[in-house]
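*Asks:* Quick one: the structure is below, and I'll ask about it shortly.
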Amino acid sequence: MSRALPKYNKRRVALIGGAAAVVLSGAVIAGSALAGETSKSNGARTLAAGPGTITCQDVKSQLPAIPASAQAEVDRNLQLLDTQIAEANKRLVDTVGQGGPNFVNNAILGPLKDKRVATINRIATAIGRTAAKPQGLDALAPCTLNAGGAAGGGTNTTAPGATATQHGGGNAGNGNAGNAGKGNAGNGNAGNAAGGTSAAGTISCPDVKSKLPAIPASAQAEVDRNLTLLNTQIDEANKRLASSVGQGGPNFVQNAILGPLADKRKSTIDRIAIAIGRTSAKPQGLDSLAACTLTK
């Protein structure tokens, strides 16, 4: 037989029921808030900015009058500059999410700059054969990451999107990196030639001096200066090898060290050949000495 609850018991039941309702309502509200946060977070990931666009300064508009004898070679190298930008933008898209904060500088913008230096130098050399050689064009080599990527080292990173051959001004970070390199390279990440071979290896390059013909006296100083620069480039590459242990993926050494080193050496070797060629037969085939190897 049921008994009527005392008044205070009824009040207690009412209070307990109300508290439970409040707790339940709080759980629902909290659950809704968390769901909203998750949704917002997912939305942010979905709307993440794209890799960006690499923009380089226009070279053609900065050239002097081009002699007819140089026109074909200049046009060919101007086209190559466009191709290099297109390839860099494609690599930018293909490598989204790879590497650390300086990946774009080290693996894309750096080697692109090195390639552009070599190409621009060939343009200036072609013009200089029959006219005054233009000076200071190397300043047009650096490119900039515009838009939503992260290049590190002072590049602009704002809006998404990527186009292949967009030109314009801007300064790029000077990360050293590379995509080209014609030599063979292991995938080690360290080494220092000056201090002996480390467990990870040392960068070795073909000797250029021993492959040179007789050097005219008028070219001796310039040749010596560039031979010294070749040694400096190897030292810098070995230091970078030692300081970047553990960075990047399996192709980091090839893409970020050996590739740009080959590009730099090619430009330097080309200057040596040009210096000799001013008053003597220009040596041919020295470009084959540009590629370096990672040895254990």
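As shown in the structure tokens, the chain order sets the letters A, B, ...; within each chain, residues go from 1, and ligands are also counted from 1 in the order they appear.
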Using only C-alpha atoms, what table do you get, as a Markdown table, when you list each residue of stretch 62-126 of chain A with an atom no more than 10 Å from stretch 270-290 of chain A, its nearest pair of atoms, and their distance in Å rounded to one decimal, rows by chain then rising number?
*Replies:*
```
| residue | atom | partner | partner_atom | distance |
| --- | --- | --- | --- | --- |
| A:Ala118 | CA | A:Asp270 | CA | 8.7 |
| A:Asn121 | CA | A:Arg271 | CA | 8.9 |
| A:Arg122 | CA | A:Asp270 | CA | 8.8 |
| A:Thr125 | CA | A:Ile274 | CA | 8.3 |
```
*Asks:* Near A:Thr119, counting only C-alpha atoms, which residues have an atom at most 9 Å away, once you skip same-chain residues fewer than 6 positions from it, shown as a list in words?
*Replies:*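 Contacts, with the query itself left out: Asn77, Leu78, Leu80, Leu81 and Ser267 of chain A.
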*Asks:* Ranking A:Ile269, A:Pro134, A:Ile127, A:Asn251 by minimum distance to A:Lys211 and counting only C-alpha atoms, which one comes first?
*Replies:*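 Of A:Ile269, A:Pro134, A:Ile127, A:Asn251, the one nearest A:Lys211 is A:Ile269, counting only C-alpha atoms.
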*Asks:* Tell me, as a PDB file with N, CA, C and O atoms, in the first residue's frame, which residues lie within 12 Å of A:Asp224, counting only C-alpha atoms; anything in the same chain fewer than 4 positions away does not count.
*Replies:*
```pdb
ATOM      1  N   VAL A 208      88.568  20.759 -61.215  1.00  0.00           N
ATOM      2  CA  VAL A 208      88.441  21.570 -62.433  1.00  0.00           C
ATOM      3  C   VAL A 208      89.808  22.058 -62.907  1.00  0.00           C
ATOM      4  O   VAL A 208      90.115  22.031 -64.103  1.00  0.00           O
ATOM      5  N   LYS A 209      90.637  22.481 -61.979  1.00  0.00           N
ATOM      6  CA  LYS A 209      91.919  23.091 -62.333  1.00  0.00           C
ATOM      7  C   LYS A 209      92.756  22.184 -63.240  1.00  0.00           C
ATOM      8  O   LYS A 209      93.360  22.633 -64.226  1.00  0.00           O
ATOM      9  N   LEU A 212      91.894  22.194 -67.066  1.00  0.00           N
ATOM     10  CA  LEU A 212      91.957  23.425 -67.848  1.00  0.00           C
ATOM     11  C   LEU A 212      93.137  23.412 -68.820  1.00  0.00           C
ATOM     12  O   LEU A 212      94.193  22.843 -68.521  1.00  0.00           O
ATOM     13  N   ILE A 215      96.322  28.759 -69.452  1.00  0.00           N
ATOM     14  CA  ILE A 215      95.514  29.934 -69.115  1.00  0.00           C
ATOM     15  C   ILE A 215      96.257  31.200 -69.539  1.00  0.00           C
ATOM     16  O   ILE A 215      97.387  31.446 -69.098  1.00  0.00           O
ATOM     17  N   PRO A 216      95.654  32.014 -70.404  1.00  0.00           N
ATOM     18  CA  PRO A 216      96.299  33.275 -70.806  1.00  0.00           C
ATOM     19  C   PRO A 216      96.551  34.161 -69.588  1.00  0.00           C
ATOM     20  O   PRO A 216      95.768  34.155 -68.632  1.00  0.00           O
ATOM     21  N   ALA A 217      97.624  34.892 -69.617  1.00  0.00           N
ATOM     22  CA  ALA A 217      97.971  35.759 -68.489  1.00  0.00           C
ATOM     23  C   ALA A 217      96.847  36.739 -68.162  1.00  0.00           C
ATOM     24  O   ALA A 217      96.591  37.036 -66.990  1.00  0.00           O
ATOM     25  N   SER A 218      96.162  37.219 -69.201  1.00  0.00           N
ATOM     26  CA  SER A 218      95.081  38.196 -68.985  1.00  0.00           C
ATOM     27  C   SER A 218      93.888  37.589 -68.250  1.00  0.00           C
ATOM     28  O   SER A 218      93.073  38.309 -67.680  1.00  0.00           O
ATOM     29  N   ALA A 219      93.779  36.261 -68.258  1.00  0.00           N
ATOM     30  CA  ALA A 219      92.635  35.600 -67.624  1.00  0.00           C
ATOM     31  C   ALA A 219      92.996  34.959 -66.290  1.00  0.00           C
ATOM     32  O   ALA A 219      92.112  34.485 -65.566  1.00  0.00           O
ATOM     33  N   GLN A 220      94.302  34.952 -65.958  1.00  0.00           N
ATOM     34  CA  GLN A 220      94.764  34.199 -64.798  1.00  0.00           C
ATOM     35  C   GLN A 220      94.061  34.610 -63.506  1.00  0.00           C
ATOM     36  O   GLN A 220      93.616  33.760 -62.721  1.00  0.00           O
ATOM     37  N   THR A 228      88.963  29.410 -56.661  1.00  0.00           N
ATOM     38  CA  THR A 228      88.796  29.555 -55.212  1.00  0.00           C
ATOM     39  C   THR A 228      87.329  29.478 -54.829  1.00  0.00           C
ATOM     40  O   THR A 228      86.958  28.856 -53.814  1.00  0.00           O
ATOM     41  N   LEU A 229      86.473  30.091 -55.649  1.00  0.00           N
ATOM     42  CA  LEU A 229      85.037  30.062 -55.383  1.00  0.00           C
ATOM     43  C   LEU A 229      84.494  28.630 -55.436  1.00  0.00           C
ATOM     44  O   LEU A 229      83.631  28.256 -54.642  1.00  0.00           O
ATOM     45  N   LEU A 230      85.013  27.826 -56.357  1.00  0.00           N
ATOM     46  CA  LEU A 230      84.586  26.422 -56.426  1.00  0.00           C
ATOM     47  C   LEU A 230      84.885  25.703 -55.115  1.00  0.00           C
ATOM     48  O   LEU A 230      84.053  24.921 -54.619  1.00  0.00           O
ATOM     49  N   ASN A 231      86.057  25.952 -54.555  1.00  0.00           N
ATOM     50  CA  ASN A 231      86.402  25.333 -53.270  1.00  0.00           C
ATOM     51  C   ASN A 231      85.497  25.830 -52.148  1.00  0.00           C
ATOM     52  O   ASN A 231      85.081  25.057 -51.278  1.00  0.00           O
ATOM     53  N   THR A 268      79.989  28.943 -62.231  1.00  0.00           N
ATOM     54  CA  THR A 268      81.382  29.324 -61.967  1.00  0.00           C
ATOM     55  C   THR A 268      82.317  28.779 -63.037  1.00  0.00           C
ATOM     56  O   THR A 268      83.217  29.473 -63.530  1.00  0.00           O
ATOM     57  N   ILE A 269      82.095  27.519 -63.413  1.00  0.00           N
ATOM     58  CA  ILE A 269      82.917  26.905 -64.463  1.00  0.00           C
ATOM     59  C   ILE A 269      82.711  27.625 -65.794  1.00  0.00           C
ATOM     60  O   ILE A 269      83.657  27.819 -66.574  1.00  0.00           O
ATOM     61  N   ARG A 271      82.071  30.755 -66.152  1.00  0.00           N
ATOM     62  CA  ARG A 271      82.832  32.014 -66.091  1.00  0.00           C
ATOM     63  C   ARG A 271      84.319  31.761 -66.354  1.00  0.00           C
ATOM     64  O   ARG A 271      84.992  32.582 -66.972  1.00  0.00           O
ATOM     65  N   ILE A 272      84.831  30.643 -65.881  1.00  0.00           N
ATOM     66  CA  ILE A 272      86.232  30.294 -66.134  1.00  0.00           C
ATOM     67  C   ILE A 272      86.467  30.100 -67.634  1.00  0.00           C
ATOM     68  O   ILE A 272      87.433  30.623 -68.209  1.00  0.00           O
ATOM     69  N   ALA A 273      85.570  29.346 -68.265  1.00  0.00           N
ATOM     70  CA  ALA A 273      85.700  29.085 -69.702  1.00  0.00           C
ATOM     71  C   ALA A 273      85.609  30.375 -70.509  1.00  0.00           C
ATOM     72  O   ALA A 273      86.360  30.587 -71.478  1.00  0.00           O
ATOM     73  N   ALA A 275      86.379  33.420 -69.459  1.00  0.00           N
ATOM     74  CA  ALA A 275      87.595  34.213 -69.227  1.00  0.00           C
ATOM     75  C   ALA A 275      88.735  33.729 -70.120  1.00  0.00           C
ATOM     76  O   ALA A 275      89.454  34.530 -70.729  1.00  0.00           O
ATOM     77  N   ILE A 276      88.900  32.432 -70.223  1.00  0.00           N
ATOM     78  CA  ILE A 276      89.955  31.880 -71.081  1.00  0.00           C
ATOM     79  C   ILE A 276      89.652  32.167 -72.549  1.00  0.00           C
ATOM     80  O   ILE A 276      90.534  32.510 -73.343  1.00  0.00           O
TER      81      ILE A 276
END
```
*Asks:* Enter the distance from atom CA of A:Ser244 to atom CA of A:Lys266, in Å, rounded to one decimal.
*Replies:*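 Rounded to one decimal, the two atoms are 23.7 Å apart.
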*Asks:* Provide the atom CA of A:Gln233 to atom CA of A:Arg76 distance in Å, to one decimal place.
*Replies:* 28.2 Å
*Asks:* In Å, with one decimal, what is the gap from atom CA of A:Gln57 to atom CA of A:Ile120?
*Replies:*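 These two atoms are separated by 11.7 Å.
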*Asks:* Nearest to A:Gly136: which of A:Thr202, A:Thr95, A:Gln62, A:Gln254 is it, counting only C-alpha atoms?
*Replies:*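 Of A:Thr202, A:Thr95, A:Gln62, A:Gln254, the one nearest A:Gly136, counting only C-alpha atoms, is A:Gln62.
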*Asks:* Determine the nearest neighbour of A:Pro111 from the options A:Lys296, A:Gln98, A:Asp75, A:Gln84, counting only C-alpha atoms.
*Replies:* A:Gln84
*Asks:* Choose the residue, out of A:Ala107, A:Leu92, A:Ala86, A:Val117, that has the smallest atom-to-atom separation from A:Val59; count only C-alpha atoms.
*Replies:*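 Checking each of A:Ala107, A:Leu92, A:Ala86, A:Val117 against A:Val59, counting only C-alpha atoms, the winner is A:Val117.
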